[in-house]
>>> print(open('my_file.txt').read())   # compact mmCIF, all heavy atoms
# COMPACT_ATOMS: atom_id res chain seq x y z
N MET A 1 0.85 -1.17 0.00
CA MET A 1 0.00 0.00 0.00
C MET A 1 0.90 1.24 0.00
O MET A 1 1.91 1.27 0.70
CB MET A 1 -0.91 -0.02 1.22
CG MET A 1 -1.78 1.20 1.33
SD MET A 1 -2.83 1.14 2.77
CE MET A 1 -4.37 0.81 1.99
N THR A 2 0.52 2.23 -0.79
CA THR A 2 1.28 3.46 -0.85
C THR A 2 0.34 4.61 -1.14
O THR A 2 -0.83 4.41 -1.49
CB THR A 2 2.39 3.38 -1.92
OG1 THR A 2 3.24 4.51 -1.79
CG2 THR A 2 1.82 3.32 -3.32
N ASP A 3 0.82 5.81 -0.99
CA ASP A 3 0.03 6.99 -1.31
C ASP A 3 0.29 7.42 -2.74
O ASP A 3 1.40 7.28 -3.25
CB ASP A 3 0.39 8.15 -0.38
CG ASP A 3 -0.08 7.93 1.04
OD1 ASP A 3 -1.19 7.40 1.20
OD2 ASP A 3 0.65 8.27 1.98
N LEU A 4 -0.72 7.99 -3.38
CA LEU A 4 -0.54 8.53 -4.72
C LEU A 4 0.35 9.76 -4.68
O LEU A 4 1.22 9.94 -5.51
CB LEU A 4 -1.90 8.88 -5.34
CG LEU A 4 -1.89 9.58 -6.69
CD1 LEU A 4 -1.17 8.73 -7.73
CD2 LEU A 4 -3.30 9.90 -7.14
N VAL A 5 0.15 10.59 -3.68
CA VAL A 5 0.92 11.83 -3.53
C VAL A 5 1.82 11.70 -2.31
O VAL A 5 1.33 11.43 -1.22
CB VAL A 5 -0.02 13.04 -3.38
CG1 VAL A 5 0.77 14.32 -3.21
CG2 VAL A 5 -0.97 13.15 -4.57
N ALA A 6 3.10 11.88 -2.50
CA ALA A 6 4.07 11.69 -1.41
C ALA A 6 4.25 12.98 -0.61
O ALA A 6 5.24 13.68 -0.73
CB ALA A 6 5.41 11.23 -1.98
N ILE A 7 3.24 13.31 0.19
CA ILE A 7 3.32 14.47 1.08
C ILE A 7 2.74 14.10 2.43
O ILE A 7 2.03 13.11 2.57
CB ILE A 7 2.58 15.70 0.52
CG1 ILE A 7 1.10 15.41 0.34
CG2 ILE A 7 3.19 16.19 -0.77
CD1 ILE A 7 0.27 16.63 0.05
N ASN A 8 3.03 14.91 3.41
CA ASN A 8 2.49 14.70 4.76
C ASN A 8 1.32 15.65 4.98
O ASN A 8 1.48 16.70 5.56
CB ASN A 8 3.57 14.92 5.82
CG ASN A 8 4.67 13.90 5.72
OD1 ASN A 8 4.41 12.75 5.41
ND2 ASN A 8 5.89 14.31 5.97
N GLU A 9 0.18 15.28 4.50
CA GLU A 9 -1.03 16.10 4.64
C GLU A 9 -2.19 15.18 4.97
O GLU A 9 -2.49 14.25 4.22
CB GLU A 9 -1.32 16.85 3.33
CG GLU A 9 -2.60 17.64 3.32
CD GLU A 9 -2.67 18.72 4.39
OE1 GLU A 9 -1.80 19.61 4.38
OE2 GLU A 9 -3.57 18.66 5.24
N SER A 10 -2.83 15.42 6.11
CA SER A 10 -3.91 14.53 6.53
C SER A 10 -5.27 14.96 5.99
O SER A 10 -6.20 14.17 5.98
CB SER A 10 -3.95 14.45 8.05
OG SER A 10 -4.17 15.73 8.60
N LYS A 11 -5.40 16.19 5.53
CA LYS A 11 -6.68 16.68 5.01
C LYS A 11 -6.68 16.52 3.49
O LYS A 11 -5.98 17.25 2.77
CB LYS A 11 -6.89 18.13 5.42
CG LYS A 11 -8.27 18.65 5.09
CD LYS A 11 -8.52 19.95 5.80
CE LYS A 11 -9.76 20.61 5.30
NZ LYS A 11 -10.97 20.14 5.82
N SER A 12 -7.47 15.60 2.99
CA SER A 12 -7.45 15.28 1.56
C SER A 12 -7.87 16.45 0.68
O SER A 12 -7.48 16.51 -0.48
CB SER A 12 -8.32 14.06 1.27
OG SER A 12 -9.68 14.34 1.56
N ASP A 13 -8.66 17.38 1.21
CA ASP A 13 -9.04 18.55 0.42
C ASP A 13 -7.84 19.40 0.04
O ASP A 13 -7.90 20.16 -0.93
CB ASP A 13 -10.05 19.41 1.18
CG ASP A 13 -11.40 18.74 1.32
OD1 ASP A 13 -11.69 17.81 0.55
OD2 ASP A 13 -12.17 19.17 2.21
N ASN A 14 -6.75 19.30 0.80
CA ASN A 14 -5.55 20.09 0.54
C ASN A 14 -4.56 19.40 -0.39
O ASN A 14 -3.52 19.96 -0.70
CB ASN A 14 -4.85 20.44 1.85
CG ASN A 14 -5.70 21.32 2.73
OD1 ASN A 14 -6.57 22.04 2.27
ND2 ASN A 14 -5.45 21.27 4.03
N VAL A 15 -4.88 18.19 -0.81
CA VAL A 15 -3.97 17.41 -1.65
C VAL A 15 -4.39 17.54 -3.11
O VAL A 15 -5.55 17.31 -3.45
CB VAL A 15 -3.96 15.92 -1.24
CG1 VAL A 15 -3.08 15.10 -2.15
CG2 VAL A 15 -3.52 15.78 0.21
N VAL A 16 -3.43 17.92 -3.94
CA VAL A 16 -3.68 18.04 -5.37
C VAL A 16 -2.99 16.88 -6.07
O VAL A 16 -1.81 16.64 -5.85
CB VAL A 16 -3.14 19.38 -5.91
CG1 VAL A 16 -3.34 19.47 -7.42
CG2 VAL A 16 -3.81 20.55 -5.19
N SER A 17 -3.73 16.16 -6.89
CA SER A 17 -3.13 15.05 -7.63
C SER A 17 -3.56 15.14 -9.08
O SER A 17 -4.64 15.61 -9.40
CB SER A 17 -3.54 13.71 -7.03
OG SER A 17 -4.94 13.54 -7.07
N GLY A 18 -2.67 14.68 -9.94
CA GLY A 18 -2.94 14.71 -11.36
C GLY A 18 -1.98 13.82 -12.11
O GLY A 18 -1.38 12.90 -11.54
N GLU A 19 -1.80 14.10 -13.38
CA GLU A 19 -0.97 13.25 -14.24
C GLU A 19 0.47 13.17 -13.75
O GLU A 19 1.08 12.09 -13.78
CB GLU A 19 -1.00 13.79 -15.67
CG GLU A 19 -0.30 12.89 -16.65
CD GLU A 19 -0.44 13.36 -18.09
OE1 GLU A 19 -1.32 14.17 -18.39
OE2 GLU A 19 0.37 12.89 -18.90
N ALA A 20 1.02 14.27 -13.25
CA ALA A 20 2.41 14.27 -12.78
C ALA A 20 2.58 13.33 -11.59
O ALA A 20 3.59 12.62 -11.49
CB ALA A 20 2.84 15.68 -12.39
N GLU A 21 1.59 13.29 -10.71
CA GLU A 21 1.67 12.40 -9.55
C GLU A 21 1.55 10.93 -9.96
O GLU A 21 2.22 10.06 -9.39
CB GLU A 21 0.59 12.77 -8.51
CG GLU A 21 0.87 14.05 -7.76
CD GLU A 21 0.66 15.30 -8.60
OE1 GLU A 21 -0.12 15.28 -9.58
OE2 GLU A 21 1.31 16.31 -8.28
N VAL A 22 0.71 10.66 -10.94
CA VAL A 22 0.58 9.28 -11.45
C VAL A 22 1.90 8.83 -12.07
O VAL A 22 2.37 7.72 -11.83
CB VAL A 22 -0.59 9.15 -12.44
CG1 VAL A 22 -0.61 7.77 -13.08
CG2 VAL A 22 -1.92 9.44 -11.74
N LYS A 23 2.52 9.70 -12.87
CA LYS A 23 3.81 9.37 -13.49
C LYS A 23 4.87 9.13 -12.43
O LYS A 23 5.69 8.21 -12.56
CB LYS A 23 4.23 10.45 -14.47
CG LYS A 23 3.40 10.46 -15.73
CD LYS A 23 3.88 11.50 -16.71
CE LYS A 23 2.92 11.55 -17.87
NZ LYS A 23 3.50 11.21 -19.12
N ALA A 24 4.87 9.95 -11.38
CA ALA A 24 5.85 9.77 -10.29
C ALA A 24 5.62 8.45 -9.57
O ALA A 24 6.58 7.74 -9.23
CB ALA A 24 5.76 10.94 -9.31
N LEU A 25 4.36 8.08 -9.36
CA LEU A 25 4.04 6.80 -8.73
C LEU A 25 4.50 5.65 -9.61
O LEU A 25 5.10 4.69 -9.13
CB LEU A 25 2.55 6.69 -8.44
CG LEU A 25 2.07 5.35 -7.88
CD1 LEU A 25 2.74 5.05 -6.54
CD2 LEU A 25 0.56 5.32 -7.76
N GLU A 26 4.23 5.74 -10.92
CA GLU A 26 4.66 4.68 -11.84
C GLU A 26 6.17 4.53 -11.82
O GLU A 26 6.69 3.41 -11.81
CB GLU A 26 4.17 4.98 -13.25
CG GLU A 26 2.66 4.82 -13.41
CD GLU A 26 2.16 5.29 -14.77
OE1 GLU A 26 2.86 6.08 -15.44
OE2 GLU A 26 1.06 4.86 -15.15
N SER A 27 6.88 5.63 -11.78
CA SER A 27 8.34 5.60 -11.73
C SER A 27 8.81 4.94 -10.44
O SER A 27 9.73 4.12 -10.44
CB SER A 27 8.89 7.02 -11.84
OG SER A 27 10.29 7.02 -11.68
N HIS A 28 8.17 5.30 -9.33
CA HIS A 28 8.53 4.72 -8.03
C HIS A 28 8.29 3.21 -8.04
O HIS A 28 9.14 2.44 -7.58
CB HIS A 28 7.70 5.39 -6.94
CG HIS A 28 7.92 4.85 -5.57
ND1 HIS A 28 9.11 5.04 -4.90
CD2 HIS A 28 7.13 4.13 -4.76
CE1 HIS A 28 9.03 4.44 -3.71
NE2 HIS A 28 7.84 3.89 -3.62
N LEU A 29 7.16 2.79 -8.59
CA LEU A 29 6.86 1.35 -8.65
C LEU A 29 7.86 0.62 -9.55
O LEU A 29 8.26 -0.50 -9.25
CB LEU A 29 5.42 1.14 -9.13
CG LEU A 29 4.33 1.66 -8.19
CD1 LEU A 29 2.96 1.48 -8.83
CD2 LEU A 29 4.39 0.98 -6.84
N ASP A 30 8.27 1.26 -10.65
CA ASP A 30 9.31 0.69 -11.52
C ASP A 30 10.60 0.48 -10.75
O ASP A 30 11.25 -0.56 -10.87
CB ASP A 30 9.57 1.58 -12.73
CG ASP A 30 8.48 1.53 -13.78
OD1 ASP A 30 7.67 0.58 -13.74
OD2 ASP A 30 8.44 2.45 -14.62
N GLN A 31 10.99 1.48 -9.95
CA GLN A 31 12.22 1.40 -9.16
C GLN A 31 12.16 0.25 -8.16
O GLN A 31 13.18 -0.36 -7.84
CB GLN A 31 12.48 2.71 -8.42
CG GLN A 31 12.85 3.86 -9.32
CD GLN A 31 12.89 5.18 -8.58
OE1 GLN A 31 12.64 5.24 -7.38
NE2 GLN A 31 13.18 6.24 -9.30
N LEU A 32 10.97 -0.03 -7.67
CA LEU A 32 10.78 -1.12 -6.70
C LEU A 32 10.67 -2.48 -7.38
O LEU A 32 10.63 -3.50 -6.70
CB LEU A 32 9.53 -0.87 -5.86
CG LEU A 32 9.57 0.34 -4.94
CD1 LEU A 32 8.21 0.55 -4.29
CD2 LEU A 32 10.65 0.18 -3.88
N GLY A 33 10.61 -2.49 -8.71
CA GLY A 33 10.51 -3.75 -9.43
C GLY A 33 9.10 -4.29 -9.53
O GLY A 33 8.90 -5.47 -9.82
N VAL A 34 8.10 -3.44 -9.30
CA VAL A 34 6.71 -3.86 -9.41
C VAL A 34 6.35 -4.00 -10.88
O VAL A 34 6.66 -3.12 -11.69
CB VAL A 34 5.78 -2.84 -8.71
CG1 VAL A 34 4.32 -3.21 -8.90
CG2 VAL A 34 6.12 -2.74 -7.23
N SER A 35 5.70 -5.07 -11.23
CA SER A 35 5.33 -5.34 -12.61
C SER A 35 4.42 -4.24 -13.15
O SER A 35 3.54 -3.74 -12.45
CB SER A 35 4.58 -6.68 -12.70
OG SER A 35 4.01 -6.84 -13.98
N SER A 36 4.62 -3.89 -14.41
CA SER A 36 3.75 -2.89 -15.05
C SER A 36 2.34 -3.44 -15.24
O SER A 36 1.42 -2.69 -15.54
CB SER A 36 4.33 -2.46 -16.39
OG SER A 36 4.41 -3.56 -17.27
N ARG A 37 2.17 -4.73 -15.03
CA ARG A 37 0.85 -5.36 -15.13
C ARG A 37 0.13 -5.42 -13.79
O ARG A 37 -1.00 -5.92 -13.72
CB ARG A 37 1.00 -6.76 -15.70
CG ARG A 37 1.53 -6.73 -17.14
CD ARG A 37 1.70 -8.09 -17.72
NE ARG A 37 0.41 -8.78 -17.69
CZ ARG A 37 0.24 -10.05 -17.98
NH1 ARG A 37 1.27 -10.76 -18.35
NH2 ARG A 37 -0.94 -10.60 -17.93
N ALA A 38 0.76 -4.88 -12.75
CA ALA A 38 0.13 -4.88 -11.42
C ALA A 38 -1.15 -4.06 -11.45
O ALA A 38 -1.26 -3.07 -12.18
CB ALA A 38 1.09 -4.29 -10.38
N VAL A 39 -2.13 -4.49 -10.69
CA VAL A 39 -3.40 -3.78 -10.61
C VAL A 39 -3.30 -2.74 -9.50
O VAL A 39 -2.96 -3.06 -8.37
CB VAL A 39 -4.56 -4.76 -10.32
CG1 VAL A 39 -5.87 -4.01 -10.12
CG2 VAL A 39 -4.67 -5.79 -11.44
N LEU A 40 -3.59 -1.48 -9.84
CA LEU A 40 -3.59 -0.41 -8.86
C LEU A 40 -5.02 -0.12 -8.46
O LEU A 40 -5.89 0.08 -9.32
CB LEU A 40 -2.94 0.86 -9.43
CG LEU A 40 -1.51 0.72 -9.93
CD1 LEU A 40 -1.01 2.06 -10.47
CD2 LEU A 40 -0.60 0.21 -8.83
N VAL A 41 -5.28 -0.09 -7.17
CA VAL A 41 -6.62 0.17 -6.65
C VAL A 41 -6.58 1.50 -5.92
O VAL A 41 -5.83 1.65 -4.94
CB VAL A 41 -7.08 -0.95 -5.69
CG1 VAL A 41 -8.45 -0.64 -5.12
CG2 VAL A 41 -7.08 -2.29 -6.42
N GLY A 42 -7.35 2.46 -6.38
CA GLY A 42 -7.40 3.77 -5.74
C GLY A 42 -8.45 3.78 -4.66
O GLY A 42 -9.62 3.50 -4.91
N LEU A 43 -8.04 4.09 -3.44
CA LEU A 43 -8.98 4.18 -2.33
C LEU A 43 -9.40 5.64 -2.17
O LEU A 43 -8.57 6.50 -1.92
CB LEU A 43 -8.34 3.67 -1.03
CG LEU A 43 -7.86 2.23 -1.06
CD1 LEU A 43 -7.20 1.85 0.26
CD2 LEU A 43 -9.00 1.28 -1.37
N GLY A 44 -10.67 5.89 -2.33
CA GLY A 44 -11.19 7.25 -2.27
C GLY A 44 -11.52 7.76 -3.66
O GLY A 44 -10.90 7.36 -4.65
N ASP A 45 -12.50 8.62 -3.73
CA ASP A 45 -12.98 9.12 -5.02
C ASP A 45 -11.91 9.86 -5.81
O ASP A 45 -11.74 9.64 -7.01
CB ASP A 45 -14.18 10.04 -4.82
CG ASP A 45 -15.41 9.30 -4.32
OD1 ASP A 45 -15.50 8.08 -4.51
OD2 ASP A 45 -16.29 9.95 -3.72
N LYS A 46 -11.17 10.78 -5.15
CA LYS A 46 -10.17 11.58 -5.86
C LYS A 46 -9.05 10.70 -6.40
O LYS A 46 -8.64 10.86 -7.55
CB LYS A 46 -9.59 12.63 -4.93
CG LYS A 46 -10.53 13.81 -4.68
CD LYS A 46 -10.00 14.77 -3.65
CE LYS A 46 -8.73 15.44 -4.04
NZ LYS A 46 -8.29 16.47 -3.09
N THR A 47 -8.58 9.78 -5.60
CA THR A 47 -7.48 8.91 -6.02
C THR A 47 -7.91 7.99 -7.15
O THR A 47 -7.22 7.84 -8.16
CB THR A 47 -6.94 8.09 -4.84
OG1 THR A 47 -6.51 8.98 -3.83
CG2 THR A 47 -5.80 7.18 -5.26
N ALA A 48 -9.08 7.38 -7.01
CA ALA A 48 -9.58 6.48 -8.05
C ALA A 48 -9.76 7.23 -9.36
O ALA A 48 -9.39 6.73 -10.43
CB ALA A 48 -10.88 5.83 -7.60
N ALA A 49 -10.32 8.42 -9.30
CA ALA A 49 -10.52 9.21 -10.52
C ALA A 49 -9.20 9.59 -11.16
O ALA A 49 -9.05 9.55 -12.39
CB ALA A 49 -11.33 10.47 -10.20
N THR A 50 -8.21 9.94 -10.36
CA THR A 50 -6.91 10.32 -10.88
C THR A 50 -6.23 9.14 -11.56
O THR A 50 -5.65 9.27 -12.63
CB THR A 50 -6.00 10.87 -9.77
OG1 THR A 50 -6.65 12.00 -9.18
CG2 THR A 50 -4.65 11.30 -10.30
N LEU A 51 -6.32 7.97 -10.96
CA LEU A 51 -5.68 6.78 -11.55
C LEU A 51 -6.38 6.34 -12.84
O LEU A 51 -5.74 5.80 -13.73
CB LEU A 51 -5.67 5.63 -10.56
CG LEU A 51 -4.70 5.77 -9.39
CD1 LEU A 51 -4.88 4.63 -8.41
CD2 LEU A 51 -3.27 5.84 -9.89
N ARG A 52 -7.68 6.59 -12.93
CA ARG A 52 -8.40 6.23 -14.16
C ARG A 52 -7.89 7.05 -15.30
O ARG A 52 -7.76 6.68 -16.41
CB ARG A 52 -9.90 6.46 -14.00
CG ARG A 52 -10.57 5.20 -13.52
CD ARG A 52 -12.07 5.36 -13.48
NE ARG A 52 -12.34 5.30 -12.06
CZ ARG A 52 -13.13 6.09 -11.37
NH1 ARG A 52 -13.80 7.02 -11.95
NH2 ARG A 52 -13.28 5.96 -10.10
>>> encode(input="my_file.txt", output="structure tokens")
Amino acid sequence: MTDLVAINESKSDNVVSGEAEVKALESHLDQLGVSSRAVLVGLGDKTAATLR
């Protein structure tokens, strides 16, 4: 489990996520050796919509 946006903010209304954050997450997962075929599940409406 990981966060889409790598910041220390507990109020989700203050978190901005978009294409740049998805690309950064994909890069991070590549560095960890996670398969590009792995299924990503977004928890929460904003995260799920961003990943779609």
>>> atom_distance(input="my_file.txt", atom1="CA of Gly18 in chain A", atom2="CA of Thr50 in chain A")
5.9 Å
>>> residues_around(input="my_file.txt", residues="range 33-48 of chain A", least_positions_apart="2", cutoff="10 Å", atoms="only C-alpha atoms", output="ChimeraX atom specification")
/A:1-5,12-13,15-18,22,26-31,50-52
>>> atom_distance(input="my_file.txt", atom1="CB of Glu21 in chain A", atom2="CG2 of Ile7 in chain A")
8.9 Å
>>> axis_aligned_box(input="my_file.txt", around="range 16-30 of chain A", padding_each_side="8 Å", output="lines of an AutoDock Vina configuration file")
center_x = 3.2
center_y = 10.0
center_z = -11.4
size_x = 32.2
size_y = 37.1
size_z = 31.5
>>> atom_distance(input="my_file.txt", atom1="atom C of Ala20 in chain A", atom2="CB of Ala6 in chain A")
10.2 Å
